[in-house]
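Structure data follow from query_36.cif (mmCIF, C-alpha atoms):
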```
data_entry
loop_
_atom_site.label_atom_id
_atom_site.label_comp_id
_atom_site.auth_asym_id
_atom_site.auth_seq_id
_atom_site.Cartn_x
_atom_site.Cartn_y
_atom_site.Cartn_z
CA MET A 252 58.83 -120.32 -139.13
CA THR A 253 59.45 -116.68 -139.99
CA PRO A 254 56.66 -114.07 -140.00
CA ILE A 255 56.98 -113.74 -143.75
CA GLY A 256 56.59 -117.48 -144.13
CA PHE A 257 53.58 -117.42 -141.83
CA PHE A 258 51.75 -114.79 -143.87
CA ALA A 259 52.77 -116.50 -147.13
CA THR A 260 51.34 -119.80 -145.86
CA ARG A 261 48.09 -118.10 -144.88
CA ALA A 262 47.83 -116.57 -148.35
CA VAL A 263 48.30 -120.00 -149.98
CA HIS A 264 45.58 -121.46 -147.73
CA ALA A 265 43.26 -118.58 -148.64
CA ARG A 266 43.75 -119.37 -152.33
CA ALA A 267 43.01 -122.99 -151.60
CA GLY A 268 39.59 -122.01 -150.24
CA ASN A 269 40.42 -121.89 -146.53
CA ARG A 270 38.50 -118.65 -145.89
CA GLY A 271 38.81 -118.86 -142.11
CA GLN A 272 42.56 -118.45 -142.44
CA ALA A 273 42.06 -115.32 -144.62
CA THR A 274 39.77 -113.81 -142.00
CA ALA A 275 42.39 -114.31 -139.30
CA LEU A 276 45.01 -112.68 -141.52
CA PHE A 277 42.68 -109.73 -142.22
CA LEU A 278 41.93 -109.23 -138.52
CA VAL A 279 45.63 -109.22 -137.61
CA VAL A 280 46.52 -106.72 -140.32
CA ALA A 281 43.46 -104.51 -139.68
CA SER A 282 44.03 -104.38 -135.93
CA THR A 283 47.67 -103.48 -136.48
CA LEU A 284 46.79 -100.69 -138.89
CA LEU A 285 44.03 -99.36 -136.63
CA SER A 286 46.40 -99.35 -133.66
CA VAL A 287 48.95 -97.36 -135.61
CA VAL A 288 46.31 -94.92 -136.87
CA PHE A 289 44.76 -94.45 -133.41
CA ALA A 290 48.19 -93.99 -131.83
CA ALA A 291 49.17 -91.39 -134.45
CA VAL A 292 45.91 -89.49 -134.06
CA ALA A 293 46.11 -89.63 -130.24
CA LEU A 294 49.72 -88.45 -130.29
CA ASN A 295 48.84 -85.58 -132.61
CA HIS A 296 45.87 -84.67 -130.42
CA HIS A 297 48.12 -84.66 -127.34
CA TYR A 298 50.72 -82.53 -129.14
CA LEU A 299 48.10 -80.00 -130.26
CA GLY A 300 46.79 -79.82 -126.69
CA LYS A 301 50.27 -79.04 -125.35
CA ILE A 302 50.82 -76.39 -128.01
CA ALA A 303 47.44 -74.75 -127.35
CA SER A 304 48.06 -74.68 -123.60
CA ALA A 305 51.59 -73.29 -124.04
CA ASP A 306 50.35 -70.58 -126.41
CA ALA A 307 47.61 -69.58 -123.96
CA VAL A 308 50.04 -69.37 -121.03
CA ASP A 309 52.53 -67.44 -123.19
CA SER A 310 49.88 -64.91 -124.15
CA ILE A 311 48.88 -64.40 -120.50
CA ALA A 312 52.47 -63.81 -119.34
CA LEU A 313 53.17 -61.54 -122.31
CA SER A 314 49.97 -59.58 -121.67
CA ALA A 315 51.01 -59.02 -118.04
CA ALA A 316 54.41 -57.72 -119.15
CA THR A 317 52.69 -55.55 -121.78
CA TRP A 318 50.61 -53.84 -119.11
CA GLU A 319 53.78 -53.22 -117.14
CA ALA A 320 55.32 -51.68 -120.28
CA ARG A 321 52.25 -49.47 -120.70
CA GLY A 322 52.58 -48.25 -117.13
CA LEU A 323 56.27 -47.52 -117.70
CA ASN A 324 55.46 -45.63 -120.90
CA LEU A 325 52.91 -43.49 -119.05
CA ILE A 326 55.46 -42.71 -116.34
CA ALA A 327 58.07 -41.91 -119.00
CA ALA A 328 55.58 -39.57 -120.68
CA LEU A 329 54.94 -37.78 -117.39
CA ASN A 330 58.69 -37.53 -116.78
CA ASP A 331 59.05 -36.00 -120.22
CA GLY A 332 56.34 -33.51 -119.26
CA VAL A 333 58.30 -32.63 -116.13
CA GLY A 334 61.36 -32.03 -118.29
CA GLN A 335 59.34 -29.79 -120.60
CA CYS A 336 58.12 -27.75 -117.63
CA ILE A 337 61.66 -27.24 -116.36
CA ARG A 338 62.83 -26.21 -119.84
CA VAL A 339 60.02 -23.65 -120.06
CA ILE A 340 61.06 -22.25 -116.66
CA ARG A 341 64.70 -21.97 -117.75
CA TRP A 342 63.87 -20.28 -121.05
CA THR A 343 61.49 -17.91 -119.27
CA CYS A 344 64.25 -17.03 -116.83
CA ALA A 345 66.75 -16.58 -119.67
CA VAL A 346 64.46 -14.07 -121.40
CA TRP A 347 63.76 -12.46 -118.03
CA ALA A 348 67.49 -12.06 -117.38
CA THR A 349 68.03 -10.47 -120.79
CA LEU A 350 65.28 -7.92 -120.18
CA ALA A 351 66.63 -7.25 -116.67
CA VAL A 352 70.14 -6.43 -117.95
CA ALA A 353 68.73 -4.19 -120.64
CA ALA A 354 66.45 -2.43 -118.14
CA ALA A 355 69.38 -1.94 -115.75
CA PHE A 356 70.97 0.26 -118.40
CA GLY A 357 67.73 2.14 -119.01
CA VAL A 358 66.47 0.22 -122.05
CA GLY A 359 62.99 -1.31 -122.07
CA VAL A 360 62.11 -0.73 -118.43
CA PRO A 361 58.32 -0.95 -118.98
CA ALA A 362 58.71 -4.21 -120.91
CA PHE A 363 60.85 -5.62 -118.09
CA LEU A 364 58.32 -4.71 -115.41
CA THR A 365 55.45 -6.21 -117.41
CA PHE A 366 57.39 -9.40 -118.10
CA THR A 367 58.41 -9.67 -114.43
CA ARG A 368 54.78 -9.97 -113.39
CA GLN A 369 54.17 -12.61 -116.06
CA ALA A 370 57.40 -14.49 -115.35
CA ARG A 371 56.60 -14.88 -111.69
CA ARG A 372 53.24 -16.43 -112.58
CA LEU A 373 54.74 -18.66 -115.28
CA VAL A 374 57.58 -20.00 -113.12
CA SER A 375 55.30 -20.80 -110.19
CA GLY A 376 52.67 -22.34 -112.45
CA TYR A 377 55.01 -24.63 -114.36
CA TRP A 378 56.79 -25.71 -111.17
CA ASN A 379 53.44 -26.70 -109.64
CA ILE A 380 52.54 -28.59 -112.83
CA ALA A 381 55.83 -30.49 -112.64
CA HIS A 382 55.02 -31.51 -109.05
CA LEU A 383 51.55 -32.63 -110.17
CA LEU A 384 53.00 -34.79 -112.95
CA VAL A 385 55.39 -36.44 -110.49
CA SER A 386 52.51 -37.25 -108.16
CA TRP A 387 50.61 -38.83 -111.07
CA SER A 388 53.66 -40.95 -111.86
CA ASP A 389 53.63 -42.40 -108.36
CA LYS A 390 49.92 -43.17 -108.64
CA ILE A 391 50.49 -45.01 -111.91
CA ARG A 392 53.34 -46.99 -110.33
CA LYS A 393 50.99 -48.12 -107.58
CA ALA A 394 48.03 -48.82 -109.89
CA THR A 395 49.89 -50.81 -112.57
CA PRO A 396 50.18 -54.07 -110.52
CA PHE A 397 46.40 -54.09 -110.04
CA LEU A 398 45.87 -53.59 -113.78
CA VAL A 399 48.24 -56.50 -114.44
CA THR A 400 46.31 -58.71 -112.00
CA VAL A 401 42.92 -57.85 -113.50
CA GLU A 402 44.13 -58.35 -117.07
CA THR A 403 45.70 -61.70 -116.16
CA ALA A 404 42.52 -62.97 -114.52
CA SER A 405 40.35 -61.77 -117.42
CA LEU A 406 42.55 -63.32 -120.11
CA ALA A 407 42.93 -66.60 -118.19
CA LYS A 408 39.15 -66.89 -117.95
CA LYS A 409 38.77 -66.12 -121.64
CA LEU A 410 41.35 -68.74 -122.65
CA HIS A 411 40.06 -71.33 -120.13
CA VAL A 412 43.39 -71.50 -118.31
CA THR A 413 43.80 -72.18 -114.58
CA GLY A 414 47.03 -70.93 -113.05
CA THR A 415 48.96 -68.51 -110.86
CA LEU A 416 50.74 -65.25 -111.59
CA SER A 417 54.15 -64.68 -110.04
CA PRO A 418 54.89 -62.46 -108.25
CA TRP A 419 51.30 -62.47 -107.10
CA ASN A 420 50.92 -59.69 -104.50
CA PRO A 421 50.17 -56.22 -105.93
CA ARG A 422 50.40 -54.39 -102.58
CA GLY A 423 53.39 -55.83 -100.75
CA PRO A 424 56.31 -53.73 -99.47
CA HIS A 425 58.74 -52.46 -102.06
CA ASP A 426 61.36 -55.07 -102.99
CA GLY A 427 59.30 -57.77 -101.30
CA GLN A 428 59.77 -61.28 -102.66
CA ASN A 429 56.17 -61.78 -103.71
CA THR A 430 55.37 -58.22 -104.69
CA LEU A 431 54.06 -57.48 -108.16
CA GLU A 432 55.39 -53.95 -108.64
CA LEU A 433 57.28 -51.66 -110.96
CA HIS A 434 60.86 -51.49 -109.73
CA LEU A 435 61.20 -47.72 -109.87
CA ALA A 436 62.60 -45.28 -107.33
CA PRO A 437 62.86 -41.48 -107.06
CA GLY A 438 65.88 -40.10 -108.91
CA GLU A 439 68.16 -37.19 -108.07
CA PRO A 440 66.33 -34.15 -106.69
CA ILE A 441 65.77 -31.17 -108.99
CA HIS A 442 65.55 -27.88 -107.10
CA LEU A 443 63.78 -24.75 -108.28
CA MET A 444 66.97 -22.75 -107.78
CA GLU A 445 68.60 -24.85 -110.51
CA ALA A 446 65.75 -24.11 -112.93
CA ILE A 447 65.80 -20.33 -112.33
CA ALA A 448 69.60 -20.09 -112.42
CA PRO A 449 69.62 -17.67 -115.41
CA ILE A 450 67.71 -14.95 -113.57
CA THR A 451 69.43 -15.45 -110.22
CA GLY A 452 72.79 -15.27 -112.00
CA ALA A 453 71.80 -11.99 -113.67
CA LEU A 454 70.62 -10.60 -110.33
CA ASN A 455 73.93 -11.46 -108.65
CA ARG A 456 75.87 -9.79 -111.46
CA LEU A 457 73.79 -6.62 -111.16
CA LYS A 458 74.32 -6.56 -107.41
CA ARG A 459 78.08 -6.53 -107.92
CA ILE A 460 77.93 -3.19 -109.74
CA ARG A 461 79.46 -0.67 -107.37
CA PHE A 462 77.76 2.47 -108.51
CA MET A 463 74.18 1.63 -109.38
CA LYS A 464 72.00 3.98 -111.34
CA ASP A 465 68.40 4.49 -110.33
CA ALA A 466 67.25 2.15 -113.11
CA THR A 467 69.61 -0.56 -111.91
CA LYS A 468 68.40 -0.20 -108.34
CA ALA A 469 64.78 -0.47 -109.50
CA VAL A 470 65.56 -3.60 -111.50
CA VAL A 471 67.36 -5.24 -108.57
CA SER A 472 64.55 -4.38 -106.19
CA SER A 473 61.92 -5.71 -108.59
CA LEU A 474 63.83 -8.95 -109.14
CA GLU A 475 64.41 -9.56 -105.45
CA GLY A 476 60.73 -9.07 -104.68
CA ALA A 477 59.60 -11.37 -107.53
CA LEU A 478 62.09 -14.11 -106.65
CA ARG A 479 61.14 -14.00 -102.97
CA GLY A 480 57.55 -14.59 -104.01
CA VAL A 481 58.50 -17.42 -106.39
CA LEU A 482 60.75 -19.23 -103.91
CA GLY A 483 58.43 -18.60 -100.98
CA ASP A 484 55.44 -20.22 -102.70
CA ALA A 485 57.41 -23.06 -104.27
CA LYS A 486 57.12 -26.64 -103.12
CA GLY A 487 60.10 -28.87 -102.39
CA PRO A 488 62.43 -30.44 -104.98
CA ILE A 489 61.19 -32.69 -107.75
CA ARG A 490 62.30 -36.33 -107.94
CA MET A 491 61.21 -38.20 -111.05
CA LEU A 492 60.73 -41.98 -110.93
CA GLU A 493 63.57 -43.88 -112.58
CA PRO A 494 64.30 -47.61 -113.11
CA GLU A 495 66.36 -49.04 -110.26
CA SER A 496 69.90 -50.24 -110.90
CA ASP A 497 68.85 -53.92 -110.89
CA PHE A 498 65.64 -53.31 -112.85
CA ARG A 499 66.49 -55.75 -115.66
CA GLU A 500 67.23 -58.60 -113.27
CA ARG A 501 64.08 -58.14 -111.20
CA GLN A 502 61.32 -56.79 -113.46
CA HIS A 503 59.91 -60.15 -114.55
CA VAL A 504 56.42 -61.57 -114.43
CA GLY A 505 55.60 -65.26 -114.83
CA PHE A 506 52.50 -67.38 -115.23
CA ALA A 507 52.23 -71.10 -114.47
CA GLY A 508 48.99 -72.83 -115.38
CA PHE A 509 47.24 -75.52 -117.34
CA GLN A 510 44.50 -75.89 -119.88
CA THR A 511 42.05 -78.78 -119.62
CA ARG A 512 41.14 -80.30 -122.97
CA PRO A 513 39.10 -83.41 -123.95
CA THR A 514 41.13 -86.49 -124.81
CA PHE A 515 40.87 -88.41 -128.06
CA PRO A 516 38.46 -91.33 -127.41
CA ILE A 517 40.48 -94.45 -128.13
CA PRO A 518 38.44 -97.66 -127.66
CA LEU A 519 39.40 -100.01 -124.81
CA LEU A 520 42.17 -97.73 -123.50
CA GLY A 521 40.07 -95.78 -121.00
CA ASP A 522 42.20 -92.65 -121.19
CA GLY A 523 39.57 -90.53 -119.45
CA GLU A 524 37.40 -87.72 -120.74
CA SER A 525 39.91 -84.86 -120.29
CA ARG A 526 43.57 -84.16 -119.67
CA ARG A 527 45.50 -81.24 -118.18
CA TYR A 528 48.30 -79.66 -120.18
CA PRO A 529 50.54 -77.62 -117.84
CA ALA A 530 52.87 -74.86 -119.07
CA PHE A 531 54.96 -71.97 -117.73
CA ALA A 532 56.04 -68.67 -119.30
CA GLU A 533 57.94 -65.62 -118.09
CA ALA A 534 58.02 -62.18 -119.71
CA GLU A 535 59.50 -58.73 -119.09
CA PRO A 536 59.23 -55.12 -120.24
CA TYR A 537 62.32 -53.77 -121.99
CA GLY A 538 63.75 -51.03 -124.16
CA GLY A 539 62.59 -47.80 -122.50
CA GLY A 540 64.07 -45.20 -120.20
CA THR A 541 63.28 -42.49 -117.69
CA ALA A 542 61.68 -40.23 -120.30
CA GLU A 543 61.85 -42.46 -123.40
CA MET A 544 58.40 -43.85 -124.18
CA THR A 545 59.71 -46.95 -125.96
CA TRP A 546 58.94 -49.71 -123.45
CA ARG A 547 57.90 -53.03 -125.00
CA SER A 548 57.33 -56.58 -123.75
CA ARG A 549 58.87 -59.93 -124.64
CA LEU A 550 58.91 -63.54 -123.48
CA THR A 551 62.08 -64.57 -121.65
CA GLU A 552 61.27 -68.15 -120.66
CA ARG A 553 58.73 -70.76 -121.68
CA SER A 554 58.38 -74.48 -120.91
CA THR A 555 55.89 -77.32 -121.19
CA PRO A 556 56.28 -80.64 -119.35
#
```

Structure rendered as structure tokens:
Amino acid sequence: MTPIGFFATRAVHARAGNRGQATALFLVVASTLLSVVFAAVALNHHYLGKIASADAVDSIALSAATWEARGLNLIAALNDGVGQCIRVIRWTCAVWATLAVAAAFGVGVPAFLTFTRQARRLVSGYWNIAHLLVSWSDKIRKATPFLVTVETASLAKKLHVTGTLSPWNPRGPHDGQNTLELHLAPGEPIHLMEAIAPITGALNRLKRIRFMKDATKAVVSSLEGALRGVLGDAKGPIRMLEPESDFRERQHVGFAGFQTRPTFPIPLLGDGESRRYPAFAEAEPYGGGTAEMTWRSRLTERSTP
């Protein structure tokens, strides 16, 4: 007997007044429909739980990379400030050199002497500011991993996610395997002599004049005294923080965790009161440069079992 014949026979019996047979048919059909409905609802509930957990883990990993990008943008801004300081020093020295040449030929000697006193103060001041900005950059590099850790913990608590950040250690040695750090290193040194090249070049040209006039001698003497003071008080070379050569391959942050959500209560199945939905996501900062404040963050890998 085929299933169709079975149900057809039961229908005939029901018409004949055999109501017990109709009840059995109703129970079979109803239980089948309820099973399908419960299975569909449970599957949808499970799918929504996986999506919610994956989204939460994605947001945590992306937030960690965003804080790294913010740290890189701050360092890039400070590097840009260092560049501005060096440009001010060079332009100051260029104007200084122009006044020195004019004064050497007896034109504008008082203006040259007045500017010499100001130039010495300006060059020393901006060079010290550049050193200060570089020191702030290093402090931001060291503080950023702690900000990433705190933000990750706070967001995980808010989203009810339990998991682990990788790399996890904010204070390990540079290039350590489990060190959460910004992969930056000091760049090429910038010396003060390079920044004041316009005025030192003018001084050397004036010294090569064989028969100096009194004005020329006074200018040379004034420049030598001012430059000795500038170079004597100056600190060492400046080295701005720059991304390392393998920055793109190594500057990643990942988060593996799970979100616990209540299960859909299906009768007689005993599926438990809650279920864990694990997920993993990895993100990275990208798009910026040494002095370009355009760092952003993006997801590079995501998975859910």

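Atom CA of Val401 of chain A is positioned 24.2 Å from atom CA of Ala436 of chain A.
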
I would like the residues chosen by the PyMOL selection byres ((chain A and resi 332) around 12) on the shown file; could you give them as a VMD selection string?
chain A and resid 325 to 331 333 to 339 377 to 378 380 to 385 387 to 388 491 541 to 544

Evaluate the PyMOL selection byres ((chain A and resi 418-434) around 7) on the structure here and hand back the selected residues as a ChimeraX atom specification.
/A:392,396-397,416-417,435-436,494-495,498,502,504

Hey, can you check how far atom CA of Ala534 of chain A sits from atom CA of Lys409 of chain A?
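Computing it gives 19.7 Å between the two atoms.
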
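Between atom CA of Ser375 of chain A and atom CA of Lys458 of chain A lies a distance of 23.9 Å.
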
Calculated over all atoms listed in the file, which of the candidates A:Leu299, A:Ile450, A:Leu398, A:Leu350 has the smallest distance to Glu475 of chain A?
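Smallest distance to Glu475 of chain A is found for A:Ile450.
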
Counting all atoms listed in the file, which of A:Thr415, A:Ser386, A:Thr451, A:Ser554 gets nearest to Ala477 of chain A?
A:Thr451
